[in-house]
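Shown next: query_35.pdb, given as PDB, C-alpha atoms.
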```pdb
ATOM      1  CA  ARG A   1     136.958 226.544  17.801
ATOM      2  CA  GLY A   2     138.853 223.313  17.478
ATOM      3  CA  ALA A   3     141.857 224.595  19.436
ATOM      4  CA  ASN A   4     142.294 221.223  21.179
ATOM      5  CA  LEU A   5     142.368 219.219  17.942
ATOM      6  CA  PRO A   6     145.687 218.101  16.408
ATOM      7  CA  SER A   7     146.884 220.548  13.738
ATOM      8  CA  SER A   8     146.412 218.005  10.914
ATOM      9  CA  VAL A   9     142.741 217.576  11.871
ATOM     10  CA  ARG A  10     142.215 221.369  12.173
ATOM     11  CA  GLU A  11     143.748 221.919   8.718
ATOM     12  CA  THR A  12     141.451 219.279   7.178
ATOM     13  CA  LEU A  13     138.366 220.849   8.768
ATOM     14  CA  LEU A  14     139.334 224.334   7.592
ATOM     15  CA  GLU A  15     140.476 223.273   4.118
ATOM     16  CA  PRO A  16     138.411 225.087   1.496
ATOM     17  CA  LYS A  17     136.030 222.872  -0.451
ATOM     18  CA  VAL A  18     135.453 225.549  -3.097
ATOM     19  CA  THR A  19     137.848 227.935  -4.850
ATOM     20  CA  LEU A  20     136.616 231.096  -6.561
ATOM     21  CA  THR A  21     139.060 232.813  -8.924
ATOM     22  CA  ILE A  22     138.659 236.358 -10.167
ATOM     23  CA  GLU A  23     141.076 237.361 -12.909
ATOM     24  CA  GLY A  24     142.275 240.878 -13.606
ATOM     25  CA  GLN A  25     142.353 241.438 -17.361
ATOM     26  CA  ALA A  26     144.892 243.479 -19.360
ATOM     27  CA  SER A  27     142.048 245.937 -20.113
ATOM     28  CA  GLY A  28     141.694 246.647 -16.368
ATOM     29  CA  SER A  29     138.395 244.817 -15.948
ATOM     30  CA  CYS A  30     137.851 241.709 -13.832
ATOM     31  CA  SER A  31     136.227 238.436 -14.803
ATOM     32  CA  PRO A  32     133.914 236.851 -13.894
ATOM     33  CA  LEU A  33     131.720 239.433 -12.177
ATOM     34  CA  SER A  34     129.219 236.909 -10.835
ATOM     35  CA  LEU A  35     130.208 233.829  -8.807
ATOM     36  CA  ASN A  36     128.378 231.325  -6.627
ATOM     37  CA  ALA A  37     129.456 229.975  -3.240
ATOM     38  CA  PRO A  38     127.876 227.516  -0.791
ATOM     39  CA  VAL A  39     126.667 228.772   2.568
ATOM     40  CA  GLY A  40     128.509 227.400   5.605
ATOM     41  CA  GLN A  41     131.601 226.042   3.818
ATOM     42  CA  TYR A  42     135.119 227.441   3.657
ATOM     43  CA  VAL A  43     135.830 229.114   0.335
ATOM     44  CA  LYS A  44     139.219 230.144  -1.045
ATOM     45  CA  ILE A  45     139.066 233.399  -2.997
ATOM     46  CA  ASN A  46     141.864 233.991  -5.525
ATOM     47  CA  LEU A  47     142.630 237.284  -7.250
ATOM     48  CA  THR A  48     144.950 236.816 -10.238
ATOM     49  CA  ALA A  49     146.402 239.986 -11.770
ATOM     50  CA  ALA A  50     147.184 240.504 -15.458
ATOM     51  CA  PRO A  51     150.927 240.737 -16.159
ATOM     52  CA  GLY A  52     152.367 244.178 -15.469
ATOM     53  CA  LYS A  53     149.297 245.464 -13.593
ATOM     54  CA  MET A  54     148.518 245.510  -9.866
ATOM     55  CA  PHE A  55     144.897 244.561  -9.118
ATOM     56  CA  MET A  56     142.792 244.924  -5.997
ATOM     57  CA  LEU A  57     139.660 243.157  -4.792
ATOM     58  CA  SER A  58     137.452 244.323  -1.945
ATOM     59  CA  ILE A  59     134.404 242.534  -0.481
ATOM     60  CA  PRO A  60     133.165 245.065   2.109
ATOM     61  CA  LYS A  61     130.560 242.836   3.849
ATOM     62  CA  THR A  62     133.289 240.301   4.660
ATOM     63  CA  GLY A  63     136.197 242.642   5.401
ATOM     64  CA  ILE A  64     138.239 240.927   2.656
ATOM     65  CA  SER A  65     140.706 243.082   0.774
ATOM     66  CA  LEU A  66     143.253 241.542  -1.600
ATOM     67  CA  MET A  67     145.984 243.043  -3.733
ATOM     68  CA  ALA A  68     147.889 241.062  -6.371
ATOM     69  CA  ASP A  69     151.026 242.206  -8.201
ATOM     70  CA  GLY A  70     151.174 241.790 -11.972
ATOM     71  CA  GLY A  71     151.098 238.153 -13.031
ATOM     72  CA  LYS A  72     150.644 236.905  -9.457
ATOM     73  CA  THR A  73     147.780 235.608  -7.318
ATOM     74  CA  ALA A  74     146.656 236.735  -3.873
ATOM     75  CA  SER A  75     144.336 234.479  -1.831
ATOM     76  CA  LYS A  76     142.144 234.535   1.248
ATOM     77  CA  THR A  77     140.001 231.809   2.771
ATOM     78  CA  THR A  78     136.671 232.701   4.331
ATOM     79  CA  ARG A  79     133.382 231.111   5.246
ATOM     80  CA  PHE A  80     130.033 232.571   4.291
ATOM     81  CA  ASP A  81     127.799 231.847   7.302
ATOM     82  CA  GLN A  82     124.648 233.207   5.728
ATOM     83  CA  ALA A  83     123.001 233.184   2.332
ATOM     84  CA  GLY A  84     122.872 236.395   0.362
ATOM     85  CA  THR A  85     124.592 238.517  -2.231
ATOM     86  CA  PHE A  86     128.033 239.877  -1.415
ATOM     87  CA  VAL A  87     129.032 242.786  -3.661
ATOM     88  CA  PHE A  88     132.711 243.214  -4.529
ATOM     89  CA  GLN A  89     134.863 245.831  -6.234
ATOM     90  CA  CYS A  90     137.737 244.749  -8.471
ATOM     91  CA  GLY A  91     140.130 246.529 -10.794
ATOM     92  CA  ILE A  92     143.564 248.031 -11.309
ATOM     93  CA  HIS A  93     144.883 249.496  -8.073
ATOM     94  CA  GLY A  94     144.193 253.244  -8.161
ATOM     95  CA  GLY A  95     142.115 252.909 -11.338
ATOM     96  CA  LYS A  96     138.537 252.244 -12.424
ATOM     97  CA  GLN A  97     136.804 249.481 -10.474
ATOM     98  CA  SER A  98     134.306 246.908 -11.716
ATOM     99  CA  GLN A  99     131.462 245.803  -9.460
ATOM    100  CA  GLY A 100     130.610 242.145  -9.144
ATOM    101  CA  GLN A 101     128.802 239.777  -6.806
ATOM    102  CA  ILE A 102     129.216 236.512  -4.989
ATOM    103  CA  ILE A 103     125.867 234.791  -4.567
ATOM    104  CA  VAL A 104     125.830 232.547  -1.512
ATOM    105  CA  LYS A 105     123.151 229.828  -1.323
TER     106      LYS A 105
END
```
Could you write out this structure as structure tokens?
Amino acid sequence: RGANLPSSVRETLLEPKVTLTIEGQASGSCSPLSLNAPVGQYVKINLTAAPGKMFMLSIPKTGISLMADGGKTASKTTRFDQAGTFVFQCGIHGGKQSQGQIIVK
């Protein structure tokens, strides 16, 4: 879609209007565990890891999987085409995972 548009126009159309940030805590948990996103718009999802710890985030219904090194942020842009609740897993890579949700309306 939009392959014939100039790149500057394509980038504007695909630019995320909303950014969701999930932060990995020093304790190994993630926060927040409940976020809201608008249906039909591009959303940038950030995973920020606590210093010294590698964190992962997986949203199975979307195919999104992120991994962030300690003190860094990994990002992915997606669009939620339908309303609903999208469950995610987040935590220290290879460790206990927290379960959260993105509620799309």
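Summary of the local environment: counting only C-alpha atoms, residues at most 6 Å from stretch 23-32 of chain A, other than itself and those fewer than 6 positions away along its chain, are A:Leu47, A:Thr48, A:Ala49, A:Ala50, A:Gly91, A:Ile92.
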Report task. Please evaluate the PyMOL selection byres ((chain A and resi 58) around 9) against the displayed coordinates and give the resulting residues as a ChimeraX atom specification. Result -> /A:56-57,59-60,62-67,87-90
Mind dumping the selected residues with C-alpha atoms as a short mmCIF file (atom, residue, chain, number, x, y, z; two decimals), keeping the file's coordinate frame?
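The resulting file, out-v3.cif, is shown below:
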```cif
data_model
loop_
_atom_site.label_atom_id
_atom_site.label_comp_id
_atom_site.auth_asym_id
_atom_site.auth_seq_id
_atom_site.Cartn_x
_atom_site.Cartn_y
_atom_site.Cartn_z
CA MET A 56 142.79 244.92 -6.00
CA LEU A 57 139.66 243.16 -4.79
CA ILE A 59 134.40 242.53 -0.48
CA PRO A 60 133.16 245.06 2.11
CA THR A 62 133.29 240.30 4.66
CA GLY A 63 136.20 242.64 5.40
CA ILE A 64 138.24 240.93 2.66
CA SER A 65 140.71 243.08 0.77
CA LEU A 66 143.25 241.54 -1.60
CA MET A 67 145.98 243.04 -3.73
CA VAL A 87 129.03 242.79 -3.66
CA PHE A 88 132.71 243.21 -4.53
CA GLN A 89 134.86 245.83 -6.23
CA CYS A 90 137.74 244.75 -8.47
#
```
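Run against this file, the PyMOL selection byres ((chain A and resi 43) around 8) gives back Pro16, Lys17, Val18, Thr19, Leu20, Ala37, Gln41, Tyr42, Lys44, Ile45, Thr77, Thr78, Arg79 and Phe80 of chain A.
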Report task. Output the residue selection produced by the PyMOL selection byres ((chain A and resi 103) around 8) on the file above, formatted as a ChimeraX atom specification. Result -> /A:34-37,83-86,101-102,104-105
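Picture a line from atom CA of A:His93 to atom CA of A:Lys72; it runs 13.9 Å.
Distances here use only C-alpha atoms; by that measure, the residue among A:Lys96, A:Gly71, A:Ile22, A:Glu15 closest to A:Asn46 is A:Ile22.
Rounded to one decimal, atom CA of A:Gly100 and atom CA of A:Pro38 lie 17.1 Å from each other.
When atom CA of A:Ala74 is paired with atom CA of A:Gln99, their separation reads 18.6 Å.
Nearest-residue note for A:Gly94: choosing from A:Leu33, A:Val39, A:Ala68, A:Met54, the minimum distance belongs to A:Met54, counting only C-alpha atoms.
Comparing A:Gly40, A:Pro51, A:Gly95, A:Gly70 by their smallest distance to A:Gln82, the closest is A:Gly40 (using only C-alpha atoms).
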